[in-house]
Amino acid sequence: MRTVLVTGAGGAGRSTLAAATALAAARQGARALLLTGRSSAPRIALGTELSTTATEIAPGLHVRSIDPADRFRTEFLAFQDRVGAALDLLGATPLDADELTELPGAESFALLHALRAAHASGAWDTVVVDAPPADETIQLLALPAQVRRYLRRLLPAERQAARALRPVLAQLAGVPMPAQKLYEAADRWEQELAAVQAVIDAPGTTVRLVTDAGPVAVQALRAARAGLALHGRRIDAVLVNRLLPTGSADPFLAALSGAQQDALKALREEAAGLPVHEVAHLGRDPQGLDALAALLGADAARIGATSETAARAADPWTVEDRLADDGLLVWRVPLPGAAREGLGLVRRGDEIVVTVGRHRRIRTLPSALRRCTVTGAGLREGVLQIRFTPDPALWPEQD
């Protein structure tokens, strides 16, 4: 199963190109599902009203609009019911459904839940996600691993060994113990998050970046590549949208097209190693399936999600053994687009914290590196190389 998350700069037309990508996949014979949020852009581009259930709008193409408010209310009320006894002990008054509005971040969880449900159904060959802007998408993809880490720290599994005592304590108290409900809720969250992370980490899941050919496009592409690479996410293509035709007799259009071509050249250089597809400006906003098909033109077969089949490596962070030559182990972290100015590195016990711009990732050290000290790091040709020297007090002696 293929999953393509279409993201990019705000206003670059990512929602329209997400719809076009899903349509292209369907026209290649795939059972395609487009997941989209509350933006009106997909509805306008597709030329039809959208539903919160998967609805077929063209042969092979289904669309589902995600309602984060409904998802938030359902989850909150279910949790409130599970901990009702504890709330009674505290004298709290439960909230009713009609007074609940979703909190910030609810849309991210709703989108991830819908993506997991789409995979679990087995009904689709290709799922295209109309994802939020690039910075938000990076945070979205990092969310399951981050929340799972928080749960492990705040509610470690070893403390659940005392769970057998809780029913006895509950009988003595006359009500279910709040801690028991909390651990039960944590178990459910962990299972859900693990399932979502399995979808995100699957070899068939990729990210597709949409940009225009404007003055800040290269900088935006560089930042997006670095942030996605930090979390091990693979970009399968870059779509450069709304390109004007060249050779216009109109001086204004000719100058604008020339500036776009200069930006396009710089984008190709920045995106070295990635497919870059040019998407022509139609002279109007695409509306309807025919317009979406015309938008991709001859590139439809290549842009269609089913055309990308290369699998992503299980973990792009690799350890290089240089013990024999230099007495070092080197953790290689691919970070294309990263700059030294925005790079941070901190070791915390058995974890390493890497910061790239506004994005941060915490990784547990491989077992061999836990017995080492960090002795240096350097960024060379888009790869962060973290050098580790074995600690004599922890490293096994060699004969």
# chains A, B, ... in the order shown; residues from 1 in each chain; ligands from 1
>>> residues_around(residues="Arg2 in chain A", least_positions_apart="5", cutoff="7 Å", atoms="only C-alpha atoms", output="MDAnalysis selection string")
chainID A and resid 125:127 204:205
>>> residues_around(residues="Ser257 in chain A", least_positions_apart="5", cutoff="9 Å", atoms="only C-alpha atoms", output="NGL selection string")
:A and (243-248 or 252 or 262)
>>> write_last_selection(atoms="C-alpha atoms", output="compact mmCIF listing (two decimals), in the first residue's frame")
# COMPACT_ATOMS: atom_id res chain seq x y z
CA LEU A 243 4.93 27.87 -13.89
CA LEU A 244 4.23 30.42 -16.62
CA PRO A 245 5.07 29.65 -20.25
CA THR A 246 8.35 30.99 -21.54
CA GLY A 247 8.87 33.20 -24.59
CA SER A 248 5.95 35.58 -23.98
CA PHE A 252 5.75 41.83 -17.80
CA ASP A 262 15.89 31.23 -12.46
>>> residues_around(residues="Leu282 in chain A", least_positions_apart="2", cutoff="7 Å", atoms="only C-alpha atoms", output="VMD selection string")
chain A and resid 280 284 295
>>> select_by_dssp(residues="range 117-343 of chain A", states="strand (DSSP E)", output="MDAnalysis selection string")
chainID A and resid 126:130 205:212 235:243 276:280 318:322 328:334 343
>>> residues_around(residues="Trp331 in chain A", least_positions_apart="2", cutoff="12 Å", atoms="only C-alpha atoms", output="VMD selection string")
chain A and resid 315 to 322 328 to 329 333 to 334 352 363 365 to 366 368 to 370 372 374 to 379 383 to 389
>>> residues_around(residues="Leu292 in chain A", least_positions_apart="4", cutoff="9 Å", atoms="only C-alpha atoms", output="PyMOL selection string")
chain A and resi 16-17+19-21+23-24+45-46+286-288+296-297
>>> closest_residue(among="A:Asp201, A:Asp350, A:Asp250, A:Glu269", to="Arg234 in chain A", atoms="only C-alpha atoms")
A:Asp201
>>> atom_distance(atom1="CA of Trp395 in chain A", atom2="CA of Ala324 in chain A")
14.5 Å
>>> closest_residue(among="A:Arg242, A:Arg340, A:Arg31, A:Arg208", to="Ala134 in chain A", atoms="only C-alpha atoms")
A:Arg208
>>> residues_around(residues="Arg148 in chain A", least_positions_apart="6", cutoff="10 Å", atoms="only C-alpha atoms", output="mmCIF file with N, CA and C atoms, in the first residue's frame")
data_model
loop_
_atom_site.group_PDB
_atom_site.id
_atom_site.type_symbol
_atom_site.label_atom_id
_atom_site.label_comp_id
_atom_site.auth_asym_id
_atom_site.auth_seq_id
_atom_site.Cartn_x
_atom_site.Cartn_y
_atom_site.Cartn_z
ATOM 1 N N LEU A 154 6.295 9.023 31.775
ATOM 2 C CA LEU A 154 5.340 9.374 32.820
ATOM 3 C C LEU A 154 4.633 8.158 33.405
ATOM 4 N N ALA A 186 -3.659 4.718 29.121
ATOM 5 C CA ALA A 186 -2.322 4.780 28.534
ATOM 6 C C ALA A 186 -2.064 3.585 27.623
ATOM 7 N N TRP A 189 -3.835 4.280 24.375
ATOM 8 C CA TRP A 189 -3.121 5.296 23.613
ATOM 9 C C TRP A 189 -1.853 4.719 22.985
ATOM 10 N N GLU A 190 -1.142 3.918 23.760
ATOM 11 C CA GLU A 190 0.088 3.320 23.248
ATOM 12 C C GLU A 190 -0.192 2.433 22.038
ATOM 13 N N GLN A 191 -1.231 1.617 22.113
ATOM 14 C CA GLN A 191 -1.570 0.739 20.991
ATOM 15 C C GLN A 191 -1.962 1.539 19.753
ATOM 16 N N GLU A 192 -2.753 2.584 19.942
ATOM 17 C CA GLU A 192 -3.168 3.419 18.820
ATOM 18 C C GLU A 192 -1.973 4.131 18.198
ATOM 19 N N LEU A 193 -1.123 4.705 19.049
ATOM 20 C CA LEU A 193 0.042 5.433 18.547
ATOM 21 C C LEU A 193 1.027 4.507 17.852
ATOM 22 N N ALA A 194 1.195 3.291 18.385
ATOM 23 C CA ALA A 194 2.087 2.322 17.745
ATOM 24 C C ALA A 194 1.578 1.957 16.360
ATOM 25 N N GLN A 197 2.278 4.924 14.076
ATOM 26 C CA GLN A 197 3.698 5.023 13.749
ATOM 27 C C GLN A 197 4.109 3.942 12.755
#
>>> closest_residue(among="A:Val356, A:Val63, A:Leu5, A:Ala223", to="Ala237 in chain A", atoms="only C-alpha atoms")
A:Leu5
>>> closest_residue(among="A:Gln139, A:Gln219, A:Ser65, A:Ser121", to="Gly337 in chain A", atoms="only C-alpha atoms")
A:Gln219
>>> atom_distance(atom1="CA of Asp325 in chain A", atom2="CA of Thr364 in chain A")
26.0 Å
>>> select_by_dssp(residues="range 170-393 of chain A", states="helix (DSSP H, G or I)", output="JSON, numbers by chain")
{"A": [170, 171, 172, 173, 178, 179, 180, 181, 182, 183, 184, 185, 186, 187, 188, 189, 190, 191, 192, 193, 194, 195, 196, 197, 198, 199, 200, 201, 217, 218, 219, 220, 221, 222, 223, 224, 225, 226, 227, 228, 229, 230, 251, 252, 253, 254, 255, 256, 257, 258, 259, 260, 261, 262, 263, 264, 265, 266, 267, 268, 269, 270, 289, 290, 291, 292, 293, 294, 295, 296, 297, 298, 299, 300, 301, 302, 303, 305, 306, 307, 323, 324, 325, 326, 340, 341, 342, 367, 368, 369, 370]}
>>> atom_distance(atom1="CA of Leu230 in chain A", atom2="CA of Pro336 in chain A")
9.0 Å
